[in-house]
Number of protein chains: 4
Amino acid sequence: MSEKKPLNIGLVGYGFMGRTHSNGYKRVNDFFPDLAHRPVLKAICARNEERRTAFAEQWGFESTESDWRELVKRDDIDAIDICTPNDSHAEIAIAAAEAGKMVLCEKPLARTAEESAPMVEAVEKAGVANTVWYNYRRVPAVTLAKQIVDSGKLGQIFHYRANFLQDWTISADLPQGGEGLWRLDVDAAGSGVTGDLLAHCIDTAIWLNGSISDVSAVTETFIKERQHTLTGKVEKVGIDDACIFHCHFANGSLGLFESTRYARGHKALYTFEINGADASIRWDLHDLNRLEYFDHRDDSTTRGWRNVHITDGDMPYMDKWWVPGLCIGYEHTFVHQVADFLASLDNGTPCNPTFRDALETTKVCDAVLASAKDRAWKDV
Amino acid sequence: MSEKKPLNIGLVGYGFMGRTHSNGYKRVNDFFPDLAHRPVLKAICARNEERRTAFAEQWGFESTESDWRELVKRDDIDAIDICTPNDSHAEIAIAAAEAGKMVLCEKPLARTAEESAPMVEAVEKAGVANTVWYNYRRVPAVTLAKQIVDSGKLGQIFHYRANFLQDWTISADLPQGGEGLWRLDVDAAGSGVTGDLLAHCIDTAIWLNGSISDVSAVTETFIKERQHTLTGKVEKVGIDDACIFHCHFANGSLGLFESTRYARGHKALYTFEINGADASIRWDLHDLNRLEYFDHRDDSTTRGWRNVHITDGDMPYMDKWWVPGLCIGYEHTFVHQVADFLASLDNGTPCNPTFRDALETTKVCDAVLASAKDRAWKDV
Amino acid sequence: MSEKKPLNIGLVGYGFMGRTHSNGYKRVNDFFPDLAHRPVLKAICARNEERRTAFAEQWGFESTESDWRELVKRDDIDAIDICTPNDSHAEIAIAAAEAGKMVLCEKPLARTAEESAPMVEAVEKAGVANTVWYNYRRVPAVTLAKQIVDSGKLGQIFHYRANFLQDWTISADLPQGGEGLWRLDVDAAGSGVTGDLLAHCIDTAIWLNGSISDVSAVTETFIKERQHTLTGKVEKVGIDDACIFHCHFANGSLGLFESTRYARGHKALYTFEINGADASIRWDLHDLNRLEYFDHRDDSTTRGWRNVHITDGDMPYMDKWWVPGLCIGYEHTFVHQVADFLASLDNGTPCNPTFRDALETTKVCDAVLASAKDRAWKDV
Amino acid sequence: MSEKKPLNIGLVGYGFMGRTHSNGYKRVNDFFPDLAHRPVLKAICARNEERRTAFAEQWGFESTESDWRELVKRDDIDAIDICTPNDSHAEIAIAAAEAGKMVLCEKPLARTAEESAPMVEAVEKAGVANTVWYNYRRVPAVTLAKQIVDSGKLGQIFHYRANFLQDWTISADLPQGGEGLWRLDVDAAGSGVTGDLLAHCIDTAIWLNGSISDVSAVTETFIKERQHTLTGKVEKVGIDDACIFHCHFANGSLGLFESTRYARGHKALYTFEINGADASIRWDLHDLNRLEYFDHRDDSTTRGWRNVHITDGDMPYMDKWWVPGLCIGYEHTFVHQVADFLASLDNGTPCNPTFRDALETTKVCDAVLASAKDRAWKDV
């Protein structure tokens, strides 16, 4: 084990995602001992000196940088991990790729497909490893869902539905913009729930059910004006507070997606369900260790939704953790993504979702927002 | 009690709904002893003599008729109850109203708003009592939801979502048309899940959340051809197997509706949820004695969705039945509707939903189908 | 159908159980058309004239009696149905049997096995049809559980556990004795939760899992004194408010039973679970249309508790009611018991549980109470 | 932060618990940045050289020892953490305390109270910090339950019930004894489910509901003989496969406890419920981020069990982790216990449960086993 190859990480941003990624890097070798690489928290980069230093001390980063341009130049950095607001993803990623660094980018890839496409080009031209942190693919129950879908057990797919419901922005007193609240600022975020929450739902959907052909959407901004933290003024809210769309998948199934931050009683209720001719699947982030599975081939009098507790060693990733019945949590999805990224380096294969994969999700988001704006169906 | 006034019922149709209505009439006085009227099963009308006779014997109808035109003429009939396929609702209802009979009509009112409007005109012109059997309003949990909404406890409404999921038509071997299967025949039914299932969801939604302004829909017919029972030939399927739509309510909230008969694992899963600024409500037909209620005003550390078992005497209708904890079922909604209809006769008030109320639901259905056809938003 | 043989019922008692039984008699032929008999509500017997008359009018009894001894003598009565408090079951049942009447007795058979044994002797000596209303056997999900157990699918049984939790007597202001409250009066009831609630659990358990060999119990009376409605005085409470026992079944499995009226939050939560080597079963009265089933032979990665909605036509009794997904309720168990009783008359077979079957449950109750009193294991 | 005081840990044992504790030490400072101490993985001690070395490399221990007696002597070790089978807890703990080391001991304290009492004496005489890893106290939902109980919100307590159901030993092919299976060997473990699983339930119960006065128990060993891994021979199984007991708490409430490894369908289903006069609480390890709470003071028509997702920053420990709605898992309980242990060093207060606290649990276990053996109530 002592011969593990170090992978020097330069992390840009110390927010919520900075924490989840750092935790992923620090824990991965304890639980995935067979990997050939060992992530090293080489540098954390952020503008605010005090918080940057505190973050570096808390998490054990070896050094700090105030400007990501300097970070990208450093020879002792192998991979740039981007945890900044969405408006800076493209610039950093492209520079990193051009400097020959691997790039791990928080989702969504960028604010629009137009902004994202050059990122894909840059990493592919540079030939550097790249991945986007659509972490929910690595919930063991979701990975198992993927295996079940791929096995063909569901039969012809008729329906895919997903929603992501929250309630944290209902208060009109909540300001927009600035640290912790940039997701309400359309300039920083690009959109509201569409890029923040639906992007997750769409990424999972494409992974599980294939391409989306066309969409018809509606969005709503319930609170029209909020104080802006950066300007101190009451300003128009540019993001979508809620977004609903239906769509066709290329496989002929119907899709239905909803996201909102105004669903009182729901904290982060990401759920999806797939209905096939022979079997169906459901999952729910609030209870992430379970998968519900219905198989029409079961005997008719004892046929029902099976509540499967995804904690056994023969289930995805779970041989690495504890024993049957003992739950893991949200943060483990990031450990899994780091593990898979490191494994992809060992194997020389891409780590999904790549920038190219993630671009497709952003294209769907763009079509959704355009559909809502024009009140018309849009092809993806 | 012996002085209860008889209300002589002439029932047209002996299918599934013929049974639920008959049961409602027979049971109502046992459980609602204070009503001034007593329904009498005076006549059952249907074409098939053998089945008509058997039904009359089983349920205790005093007489039978083979032609509804004869039934409508009879002096000893006070009220015509229409349980036939949708294509005959209008003709029967109008004739009954013109003959001065009260009219109780199975939902939907008719196949289209165009076909339904003269029915409203007829009953209003005749001044006869009328109601449409949107029975789910009388699930005690749903009635309680109405009371909670009306109390203002939910605050500003942001979201209304409902779905009605079934899986009984997935097999391509199922024929269309004829006894028990007329719901798959577009001529008899008018539409597929839209008129059959979404009509229920829309009726409840309008009752709870007010008018729907505009809609954007998609429909799908997964199985394009089926053998027709009446012709014996394989014919094009004209109904919608699935329908999804989003909409705006007049109160500014967003609506989301989905119905399908291709959701493997769901038998008759009618669910709805309302999200308000202060509180939310959920309900599910598979577990109809419960209402889920979330109140944001609860203490933050013990705040959660409350699972309320609607079986106590202080809950709607439940003083008539058993004791706390003991469930009632689907059929009780029809007993409640009969009870409310009889009470409305006592009080001289309309029994909701009236034909006029039900017309609004049919208008929404029409807009939904038009939107799906034209791939465009439609005003209601 | 007109040739159905009338079965003239003489009902003793008009309380809660008087209603459930009357409803059962009135509805059975509507839903079970193939039975050869037709129950007739011939007479209702009770001391209170006003309420007796009101009950007769509401439910349609042809006549009334003030003294059960007169009822038993009447030639026009075929069957005596006993819905009185427990202390009068024995005397009425024995007299009825001696008069050659069929006897249907509310559970428990009587207050003790000593009091019950002569009842068994009487009906068997007279050779009259007899049954005890342990109605929960006829919940379709419970009947299905019986079929699954009998099929051997569970394998060797290791555990049986049941509880019946209520919370309606927590207030110290609730009096004991008299109409509606005789269950709190030890003279009328014989015991508290043991005879009232655990008797149900024990009946189901013996039916599903066979004989109970020995028991070790504890009881508690949380509120020691209550005003007595009949005497007007504060008197010692003689009943058990709560009772817990564990036991051995003859098949080697362990049993665990609990009942209380002090479990805040539970209205009538009767649940049981059986764990076998190969499969397990769970059921819950608050959600009575479901059975949960776990089969260890399912594929390990999609194995889980199956939530089976017991509403399809191939499930016990459900071909008589509605369509898949549509719930029935508590009262249907009584309709089913009437149907089975009538069928047993047609077939000349006993209708379970007979008086002899029910005696075994009362013997277990006696052993439980003796064990609690002596703080020692007791053989049944 | 750089001035954090190192706390040098010497861990004995590298099994399942060795992993959970190591993970706790490694993660604590990342999430609890305000603690004054920093655990250092100084030494891992175990007999098997190969596995010891591999474990040290995987987890980053600085050194290894083959004999715990040597570990205890080392000056560079501050705290001994005991993760060995139960039969060696006492000897190691006493030696460690006598050497002036802090002692953290896996539960149960030892095989019997007789064996455990000298451990308590030793740590108290030496005046060293000590704690026992009854980790479930630190599930945020369980800690919140403790806060709710202490607030008095539940009112007078009537009932406490808990069970811990597993199904992993049903196969007769499973051997007993040796690595990973010592829990089936009575010499190593002391008992079966009583010391392994019920000990957890009892620890929580005493913490939440106070002392247990007397118990009445039954145990069962379903599979009487198993091959012994160490001897290679089929030997009598000495452990209890299942144990059920009821009890009185000092506060007058009734307790009911069950544990088994033969409950097909349950992996590690630890649940408890407390019923008070005013409110009740339920919790379930399979869904550990939730607490169910029922408050009788809620309005009667919207009163129900509240499903509280314990993931918000104002809930115990949750300000350290993610955002509302995002789950944590099993392993976090160990991080919390390390955090609380470190905080107790900062504050100079004991870290519950201390050895003395844990002795009480072992006394209850002893009484339970004695009660089962003698078929008689036993005082604790």
# chains A, B, ... in the order shown; residues from 1 in each chain; ligands from 1

call {"tool": "closest_atom_pairs", "arguments": {"of": "chain C", "to": "chain B", "cutoff": "8 Å", "atoms": "only C-alpha atoms", "output": "JSON lines"}}
result
{"residue": "C:Met1", "atom": "CA", "partner": "B:Glu57", "partner_atom": "CA", "distance": 6.5}
{"residue": "C:Ser2", "atom": "CA", "partner": "B:Glu57", "partner_atom": "CA", "distance": 7.5}
{"residue": "C:Phe16", "atom": "CA", "partner": "B:Trp322", "partner_atom": "CA", "distance": 7.6}
{"residue": "C:Asn29", "atom": "CA", "partner": "B:Gln58", "partner_atom": "CA", "distance": 7.0}
{"residue": "C:Asp30", "atom": "CA", "partner": "B:Trp59", "partner_atom": "CA", "distance": 5.5}
{"residue": "C:Pro33", "atom": "CA", "partner": "B:Gln58", "partner_atom": "CA", "distance": 6.3}
{"residue": "C:Glu57", "atom": "CA", "partner": "B:Met1", "partner_atom": "CA", "distance": 6.6}
{"residue": "C:Gln58", "atom": "CA", "partner": "B:Asp30", "partner_atom": "CA", "distance": 5.6}
{"residue": "C:Trp59", "atom": "CA", "partner": "B:Asp30", "partner_atom": "CA", "distance": 5.5}
{"residue": "C:His266", "atom": "CA", "partner": "B:Gly325", "partner_atom": "CA", "distance": 7.8}
{"residue": "C:Lys267", "atom": "CA", "partner": "B:Gly325", "partner_atom": "CA", "distance": 4.7}
{"residue": "C:Ala268", "atom": "CA", "partner": "B:Gly325", "partner_atom": "CA", "distance": 4.7}
{"residue": "C:Leu269", "atom": "CA", "partner": "B:Gly325", "partner_atom": "CA", "distance": 7.1}
{"residue": "C:Leu285", "atom": "CA", "partner": "B:Leu326", "partner_atom": "CA", "distance": 7.6}
{"residue": "C:His286", "atom": "CA", "partner": "B:Gly325", "partner_atom": "CA", "distance": 6.1}
{"residue": "C:Asp287", "atom": "CA", "partner": "B:Asp287", "partner_atom": "CA", "distance": 6.7}
{"residue": "C:Leu288", "atom": "CA", "partner": "B:Cys327", "partner_atom": "CA", "distance": 7.6}
{"residue": "C:His309", "atom": "CA", "partner": "B:His286", "partner_atom": "CA", "distance": 7.8}
{"residue": "C:Trp322", "atom": "CA", "partner": "B:Phe16", "partner_atom": "CA", "distance": 7.6}
{"residue": "C:Pro324", "atom": "CA", "partner": "B:Lys267", "partner_atom": "CA", "distance": 5.6}
{"residue": "C:Gly325", "atom": "CA", "partner": "B:Lys267", "partner_atom": "CA", "distance": 4.7}
{"residue": "C:Leu326", "atom": "CA", "partner": "B:Tyr330", "partner_atom": "CA", "distance": 5.7}
{"residue": "C:Cys327", "atom": "CA", "partner": "B:Gly329", "partner_atom": "CA", "distance": 4.9}
{"residue": "C:Ile328", "atom": "CA", "partner": "B:Gly329", "partner_atom": "CA", "distance": 4.2}
{"residue": "C:Gly329", "atom": "CA", "partner": "B:Ile328", "partner_atom": "CA", "distance": 4.1}
{"residue": "C:Tyr330", "atom": "CA", "partner": "B:Cys327", "partner_atom": "CA", "distance": 5.3}
{"residue": "C:Glu331", "atom": "CA", "partner": "B:Ile328", "partner_atom": "CA", "distance": 7.5}

call {"tool": "select_by_dssp", "arguments": {"residues": "stretch 142-304 of chain A", "states": "alpha helix (DSSP H)", "output": "ChimeraX atom specification"}}
result
/A:142-151,186-189,193,199-209

call {"tool": "closest_residue", "arguments": {"among": "D:Thr260, D:Ser253, D:Ser63, D:Ser88", "to": "D:Leu198", "atoms": "only C-alpha atoms"}}
result
D:Thr260
